[in-house]
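This report refers to the structure that appears directly beneath it.
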Amino acid sequence: MLTFFADESIVNRGGAEDYDLSIYGGIVLDEATFDELSQFIYKIKDKYVLPQELEIKWRFESYWENMIKVRYLEKGITKKTHPALYMSFKPDHAQLKNQILEKIAASSAKIIIAIRPNKLLGASDEQKIEYSIGAVARKFEKLLQKTNDLGIILADELPKRINSKSVIDHQYILKLCCRGSGTIHFKHLISIVPTINSSISPIHQINDVLLGAVQYYILEFIRQLSDPTRNADQARGILSKIIGNFLKAQPGQFVINNGILMYPPKVTRKNTAAGIFLNKLEKQLEKDFNLI
């Protein structure tokens with residue numbers, strides 16, 4: 001059985017305010033890899049002498065706030081009052097993220113994400129999450145059919161986006177899978193399970209780092225659209241660590257809209273702002289990672 005841990009990362013700051021771009025999806029694991037990666041997070045926290053209840057985050061500012069939240073640091077300590085202490089934690093945080101990405105790369109984990117420029121599409125909150133979950137669910141079903149496995153999706157952020165009655169409406173959850181599904185028949189995907197307060201989960205923390213790497217790459221891509229001279233080598237190098245884990249169409253090949261799903265798809269984009277942006281992003285991914 002395979003479990004798909006899905007979460008959302010938003011690109012809407014630092015020059016990306018006009019996009020409100022959603023990255024939804026994450027890591028697909030079998031039982032053995034789930035245990036392997038979970039144990040890795042427990043051990044790496046011990047290595048860095050961090051409390052197990054500390055949630056690892058991609059953004060250092062969020063990681064710093066969490067250290068205060070779990071009382072690893074005193075509440076009165078801030079970036080302004082203790083700038084040297086603040087800066088001293090940054091190298092370890094960067095190493096921590098790098099080791100997590102390397103662990104993902106060395107594992108059998110698969111990655112499926114959907115990228116959707118919501119502001120360019122004028123989408124409502126509910127539409128944002130529905131279309132993204134529907135997109136990754138269809139791709140997950142194809143993976144399950146290929147491997148002849150059963151699977152479930154643990155969907156973070158879903159409870160925040162739809163009303164409380166819908167969250168427990170099983171028919172509503174199943175409809176999310178089938179939105180725009182065309183000829184896809186869901187025979188292997190058992191259910192989508194809305195998750196609440198899963199931040200302490202080791203896999204949730206791995207997902208945050210994974211999605212953060214994608215977020216960073218796309219943010220730098222957006223910044224390059226405004227400033228073509230901007231150097232995005234660091235973001236490119238970080239994402240390259242896990243590019244091999246994205247779901248492939250077949251051995252030795254990677255096709256845009258397999259592990260990385262762009263919505264809306266090419267056939268419906270036309271000459272729209274969202275379509276032009278996604279076409280440029282696809283070309284950049286092909287150039288940077290030799291994707292087919």
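To be explicit about the labels: the chains of the structure tokens are called A, B, and onward in the order shown, and within each one the residues are counted from 1, while ligands get numbers from 1 in the order they are shown.
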
Q) What lies within 8 Å of A:Gly212 using only C-alpha atoms, ignoring chain neighbours under 4 positions off, as a list in words? A)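 Once the nearby chain positions are removed, what remains is Ser9, Trp58, Arg59, Asp208 and Tyr216 of chain A.
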
Q.
Quick one: residues within 7 Å of stretch 257-261 of chain A, only C-alpha atoms, excluding same-chain residues fewer than 3 positions away - as a VMD selection string?
A. chain A and resid 111 to 115 246 to 249

**Q.** Near-A:Lys69 list (10 Å; only C-alpha atoms; drop same-chain fewer than 4 positions) as a count of residues only
**A.** 9

Q | Gap from atom CA of A:Ala137 to atom CA of A:Gly237 - Å, one decimal | A |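 A separation of 28.5 Å between them.
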
With only C-alpha atoms counted and 10 Å as the cut-off, give the residues of stretch 84-162 of chain A in contact with stretch 276-292 of chain A, each with its shortest interatomic distance in Å and the pair that gives it, as a tab-separated table.
residue	atom	partner	partner_atom	distance
A:Ile115	CA	A:Leu278	CA	8.8
A:Arg116	CA	A:Leu278	CA	8.5
A:Pro117	CA	A:Leu278	CA	8.2
A:Leu120	CA	A:Phe277	CA	9.1

(Q) Need the shell around A:Lys79: protein/DNA/RNA residues with any atom at most 12 Å away, counting only C-alpha atoms. Skip same-chain ones fewer than 2 positions apart. Format as a list in words? (A)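 Listing them by chain and then by number gives Phe60, Glu61, Trp64, Glu65, Ile68, Leu73, Lys75, Gly76, Ile77, Thr81, His82, Pro83, Ala84, Leu85, Tyr86, Met87, Ser88, Phe89 and Lys90 of chain A.
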
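The interatomic distance for the pair atom CA of A:Leu101 and atom CA of A:Ile206 works out to 8.2 Å.
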
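Omitting stretch 37-45 of chain A and its sequence neighbours fewer than 6 positions away, and counting only C-alpha atoms, the residues within 7 Å are A:Pro51, A:Gln52, A:Pro202, A:Ile203.
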
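Closest approach to A:Gly134 among A:Leu225, A:Met67, A:Ala6, A:Leu210: A:Ala6, based on only C-alpha atoms.
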
Q: Identify all residues of stretch 27-233 of chain A in helix (DSSP H, G or I) (DSSP on the backbone) and supply them as an NGL selection string.
A: :A and (31-47 or 60-69 or 83-88 or 90-106 or 118-121 or 125-147 or 158-161 or 164-167 or 170-178 or 202-226 or 233)
